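As structure tokens, the structure follows; a few thoughts come after it.
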Amino acid sequence: MSRDPAFRDEIGRELSKRYEADYDLVVCSDATELMDRLQALRTETRVVAAVLGGFGPQDAGGLDALAEVAGLHPEAVRACVVRWGDLDTAGPIFEAITLGKVDSWIYRPQGSGDEEFHLAITELLDEWSSRTGGAYEAVWVIGERWSTRSQELRDIFIRNRVPTGFYEHTSAQGQALLNSVGGDGLKPPIVVLRFRPDCPVLSDPTAVEIAGAFGLLESLADAPTFDVAVIGAGPAGLSAAVYAASEGLRTIVIEPLAMGGQAGSSSLIRNYLGFPRGISGNRLAANAYQQAWSLGATFHWSRSVVGLARDGDRHTLRLSDGGQLTSRAVVVATGAEWRRLGLPSLEALQGRGVFYGAAVSEARAMTGKDVFLLGGGNSAGQAAVYLARYARQVTILVRRDSLSQSMSNYLIREISGAANILVRTRVQVIDGSGTRALDTLVLQNLDSGEVEAVRADALFVLIGSTPHTEWLGDEVARDRWGFILTGPDLQGASPPWPLDERAPLYLETSMPGVFAIGDVQHGSIKRVASAVGAGAVAVAIVHQYLATTATATITPAAG
């Protein structure tokens with residue numbers, strides 16, 4: 001969309017040359033024509049992938065026009081196109097992005113076949129595909145919509161960037177799909193792996209069964225001693241794997257659920273270094289996984305570590321499937337999970353309107369609904385902004401006086417600028433109810449004690465952190481909340497540091513050779529960049545540790 005004929009012709013020509021075979025291209029001259037065309041496409045139930053609008057002297061209202069697109073097509077990616085070097089447009093554009101009026105900006109092509117322009121367009125379309133699931137469905141999940149297990153399976157696949165389609169098992173389409181794969185009569189939820197040659201059909205599968213069907217159950221029975229075992233594939237663990245593998249250390253990563261940890265469910269991280277247009281948590285995690293894998297790291301999926309013991313300069317890790325492995329050094333990056341509410345009425349509704357975490361897989365199901373979100377951190381803010389694309393109303397509930405103590409300013413400003421996001425402070429959830437799914441929440445004002453019941457279609461809970469450390473034995477010191485103590489924090493800890501010949505290294509736990517990073521570590525900063533940095537630092541310290549033990553088997557890094 002642009003009032004400038006030259007702009008329209010140039011952009012239209014560039015887009016049609018490369019994308020017309022797969023997308024319909026619509027060119028509009030002003031905001032009125034744009035909204036009319038978008039309304040018509042909505043009436044025809046046509047999907048809009050992206051909307052590009054000019055912004056400059058002839059298109060002064062371009063940003064406002066793009067902001068209105070979300071009301072008709074919430075999944076469409078909105079980007080303004082500007083002339084390179086037009087610095088006067090920078091301030092308003094950055095303000096519009098901060099307030100959620102547009103998603104991104106790109107430079108006007110400098111000539112025919114401008115690859116930087118087309119790279120930006122491809123990134124926009126990839127973002128749209130991530131939001132909508134894309135056309136290809138490698139996996140089908142067929143089950144009950146309001147089922148905890150169905151929601152868990154959808155979330156796992158989406159967080160691992162597996163193209164997934166979900167179908168109600170009682171619907172005509174769901175029954176037809178089941179009949180087509182011979183799955184009629186099986187207990188839902190049913191998972192169909194369409195990408196495998198034999199198209200396996202799994203009935204309410206465990207994580208191990210899914211990994212086996214994916215072909216990811218490689219045995220470690222004859223595996224040699226690893227130099228580094230990384231436990232957890234969140235940002236911290238993936239960072240440690242990248243640096244360890246790139247420096248020639250024989251590295252294994254063990255992950256029971258999904259790559260990316262809590263960050264993997266973030267719809268858009270806009271303050272991570274090097275991504276000016278932002279990046280989704282699962283895309284960042286997928287890129288890191290591919291990077292570590294290509295550098296030589298081994299990944300062991302759908303298994304967790306249930307025991308850790310030290311024998312001289314070796315560490316034995318016992319796994320949930322009964323296997324075990326040996327490593328010279330261990331990096332614990334198991335992260336943390338959202339704290340449970342502990343309210344029986346709401347726990348009974350988990351997956352049926354009550355969700356722990358951002359649950360990106362459920363966002364589209366919130367279209368036109370009243371959604372509540374409990375939490376005041378960045379993850380809560382990112383989830384609220386994303387859910388607001390679809391929900392009629394998003395209400396953020398926080399116990400504190402404001403969001404400023406726990407949330408980044410750019411998110412606070414975006415939330416403030418969203419017409420359908422409401423923030424309620426000094427309030428807590430004390431009860432809720434629903435038959436088939438959540439329909440009511442009971443809230444209490446922390447100052448007055450006043451109690452009120454509100455209609456609610458969904459509650460997303462993103463409060464506090466409970467570390468994944470219950471599997472650790474008594475040799476690893478933790479604070480009273482379960483977070484692992486490391487380095488200087490071990491002074492006076494129980495159990496005490498066991499070696500007289502040296503002090504614990506930075507990030508080293510009370511078990512020599514075992515290091516802790518990321519959210520699982522006592523006193524860690526809850527930011528993705530901090531976790532990634534900790535992974536890099538941990539590998540440098542692992543080198544220092546290995547130098548004091550038997551010679552590590554280090555192989556040259558590729559490249």
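Chain labels run A, B, ... following the order of the structure tokens; each chain numbers its residues from 1, and ligands are numbered from 1 in the order shown.
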Using only C-alpha atoms, find each residue in region 14-66 of chain A having at least one atom no more than 6 Å away from region 72-86 of chain A; report its shortest atom-to-atom pair and that distance in Å (one decimal), rows by chain then rising number, as a tab-separated table.
```
residue	atom	partner	partner_atom	distance
A:Val48	CA	A:Ala76	CA	5.5
A:Ala49	CA	A:Ala76	CA	4.8
A:Ala50	CA	A:Val77	CA	4.5
A:Val51	CA	A:Arg78	CA	5.0
A:Leu52	CA	A:Ala79	CA	5.1
A:Gly53	CA	A:Cys80	CA	4.8
A:Gly54	CA	A:Val81	CA	4.9
A:Phe55	CA	A:Val82	CA	5.8
```
May I have the residues from that selection written out with N, CA, C and O atoms, as a PDB file, in the first residue's frame?
```pdb
ATOM      1  N   VAL A  48      -4.344 -13.869   4.927  1.00  0.00           N
ATOM      2  CA  VAL A  48      -3.387 -12.841   4.512  1.00  0.00           C
ATOM      3  C   VAL A  48      -2.059 -13.116   5.203  1.00  0.00           C
ATOM      4  O   VAL A  48      -1.990 -13.201   6.426  1.00  0.00           O
ATOM      5  N   ALA A  49      -1.009 -13.261   4.418  1.00  0.00           N
ATOM      6  CA  ALA A  49       0.302 -13.579   4.978  1.00  0.00           C
ATOM      7  C   ALA A  49       1.031 -12.328   5.458  1.00  0.00           C
ATOM      8  O   ALA A  49       1.586 -12.310   6.560  1.00  0.00           O
ATOM      9  N   ALA A  50       1.076 -11.300   4.652  1.00  0.00           N
ATOM     10  CA  ALA A  50       1.845 -10.102   5.008  1.00  0.00           C
ATOM     11  C   ALA A  50       1.210  -8.875   4.378  1.00  0.00           C
ATOM     12  O   ALA A  50       0.608  -8.952   3.302  1.00  0.00           O
ATOM     13  N   VAL A  51       1.364  -7.751   5.049  1.00  0.00           N
ATOM     14  CA  VAL A  51       0.912  -6.463   4.538  1.00  0.00           C
ATOM     15  C   VAL A  51       2.092  -5.505   4.610  1.00  0.00           C
ATOM     16  O   VAL A  51       2.657  -5.280   5.687  1.00  0.00           O
ATOM     17  N   LEU A  52       2.461  -4.940   3.457  1.00  0.00           N
ATOM     18  CA  LEU A  52       3.549  -3.971   3.383  1.00  0.00           C
ATOM     19  C   LEU A  52       2.960  -2.594   3.123  1.00  0.00           C
ATOM     20  O   LEU A  52       2.102  -2.438   2.250  1.00  0.00           O
ATOM     21  N   GLY A  53       3.422  -1.624   3.877  1.00  0.00           N
ATOM     22  CA  GLY A  53       2.932  -0.265   3.697  1.00  0.00           C
ATOM     23  C   GLY A  53       4.071   0.719   3.606  1.00  0.00           C
ATOM     24  O   GLY A  53       5.046   0.639   4.356  1.00  0.00           O
ATOM     25  N   GLY A  54       3.962   1.638   2.686  1.00  0.00           N
ATOM     26  CA  GLY A  54       4.977   2.672   2.580  1.00  0.00           C
ATOM     27  C   GLY A  54       4.871   3.656   3.737  1.00  0.00           C
ATOM     28  O   GLY A  54       3.800   3.862   4.313  1.00  0.00           O
ATOM     29  N   PHE A  55       6.005   4.245   4.094  1.00  0.00           N
ATOM     30  CA  PHE A  55       6.011   5.265   5.132  1.00  0.00           C
ATOM     31  C   PHE A  55       7.023   6.334   4.753  1.00  0.00           C
ATOM     32  O   PHE A  55       8.215   6.044   4.570  1.00  0.00           O
TER      33      PHE A  55
END
```
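Comparing the minimum interatomic distances between Asn445 (chain A) and each of A:Leu374, A:Gln382, A:Ile463, A:Arg424, counting only C-alpha atoms, we find that A:Arg424 sits nearest.
CA of Val520 (chain A) is positioned 27.7 Å from CA of Pro224 (chain A).
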I'd like the neighbourhood of Gly342 (chain A) as a PyMOL selection string, where a residue qualifies if any of its atoms comes within 12 Å (using only C-alpha atoms), though same-chain residues fewer than 5 positions away should be ignored.
chain A and resi 347-350+356+429-432+461
Could you turn the residues from that selection into a file that holds N, CA and C atoms, as a CSV table (one decimal), in the first residue's frame?
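Output (out.csv):
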```
chain,number,residue,atom,x,y,z
A,347,GLU,N,-6.2,-26.7,39.2
A,347,GLU,CA,-5.3,-27.8,38.7
A,347,GLU,C,-6.1,-28.8,37.9
A,348,ALA,N,-7.4,-29.0,38.3
A,348,ALA,CA,-8.2,-30.0,37.6
A,348,ALA,C,-8.6,-29.6,36.2
A,349,LEU,N,-8.4,-28.3,35.9
A,349,LEU,CA,-8.7,-27.7,34.6
A,349,LEU,C,-7.5,-27.5,33.8
A,350,GLN,N,-6.3,-28.0,34.2
A,350,GLN,CA,-5.1,-27.8,33.4
A,350,GLN,C,-5.3,-28.4,32.0
A,356,TYR,N,0.1,-23.6,32.1
A,356,TYR,CA,1.3,-23.1,32.7
A,356,TYR,C,2.3,-22.8,31.6
A,429,VAL,N,-5.2,-14.7,42.2
A,429,VAL,CA,-6.2,-15.7,41.9
A,429,VAL,C,-6.4,-16.6,43.0
A,430,ILE,N,-7.6,-16.8,43.6
A,430,ILE,CA,-7.8,-17.7,44.7
A,430,ILE,C,-8.7,-18.9,44.4
A,431,ASP,N,-9.3,-18.9,43.2
A,431,ASP,CA,-10.2,-20.0,42.9
A,431,ASP,C,-10.7,-19.9,41.5
A,432,GLY,N,-11.4,-20.9,41.0
A,432,GLY,CA,-11.9,-20.9,39.7
A,432,GLY,C,-12.8,-22.1,39.5
A,461,VAL,N,-0.6,-19.1,33.3
A,461,VAL,CA,0.1,-18.9,34.6
A,461,VAL,C,1.6,-18.8,34.3
```
What are the closest atom pairs, with distances in Å to one decimal, for each residue of region 386-497 of chain A lying within 8 Å of region 296-307 of chain A, using only C-alpha atoms, rows by chain and rising residue number, as JSON lines?
```
{"residue": "A:Trp471", "atom": "CA", "partner": "A:Val306", "partner_atom": "CA", "distance": 5.2}
{"residue": "A:Leu472", "atom": "CA", "partner": "A:Gly307", "partner_atom": "CA", "distance": 6.3}
{"residue": "A:Gly473", "atom": "CA", "partner": "A:Gly307", "partner_atom": "CA", "distance": 7.1}
```
Can you write out the residues you just picked, keeping all heavy atoms, as a tab-separated table (two decimals), in the first residue's frame?
```
chain	number	residue	atom	x	y	z
A	471	TRP	N	16.31	-34.34	41.17
A	471	TRP	CA	17.04	-35.57	40.84
A	471	TRP	C	18.46	-35.58	41.40
A	471	TRP	O	19.10	-36.63	41.42
A	471	TRP	CB	17.10	-35.74	39.32
A	471	TRP	CG	17.72	-34.55	38.63
A	471	TRP	CD1	17.10	-33.40	38.26
A	471	TRP	CD2	19.09	-34.40	38.25
A	471	TRP	NE1	17.99	-32.54	37.67
A	471	TRP	CE2	19.21	-33.13	37.64
A	471	TRP	CE3	20.21	-35.21	38.34
A	471	TRP	CZ2	20.42	-32.66	37.14
A	471	TRP	CZ3	21.43	-34.74	37.85
A	471	TRP	CH2	21.51	-33.48	37.25
A	472	LEU	N	18.95	-34.44	41.84
A	472	LEU	CA	20.31	-34.36	42.34
A	472	LEU	C	20.42	-34.98	43.73
A	472	LEU	O	19.51	-34.85	44.55
A	472	LEU	CB	20.77	-32.90	42.39
A	472	LEU	CG	21.10	-32.26	41.05
A	472	LEU	CD1	21.27	-30.76	41.22
A	472	LEU	CD2	22.33	-32.88	40.42
A	473	GLY	N	21.54	-35.63	44.01
A	473	GLY	CA	21.75	-36.23	45.31
A	473	GLY	C	22.23	-35.23	46.34
A	473	GLY	O	22.29	-34.02	46.09
```
Shortest interatomic distance to Pro504 (chain A) - which of A:Ile517, A:Leu490, A:Ala453, A:Ala365, counting only C-alpha atoms
A:Leu490
Do you know which residues are at most 8 Å from region 455-460 of chain A counting only C-alpha atoms, after dropping those on the same chain fewer than 5 positions away, and could you put them as a PyMOL selection string?
chain A and resi 353-359+366+369-374+437-441
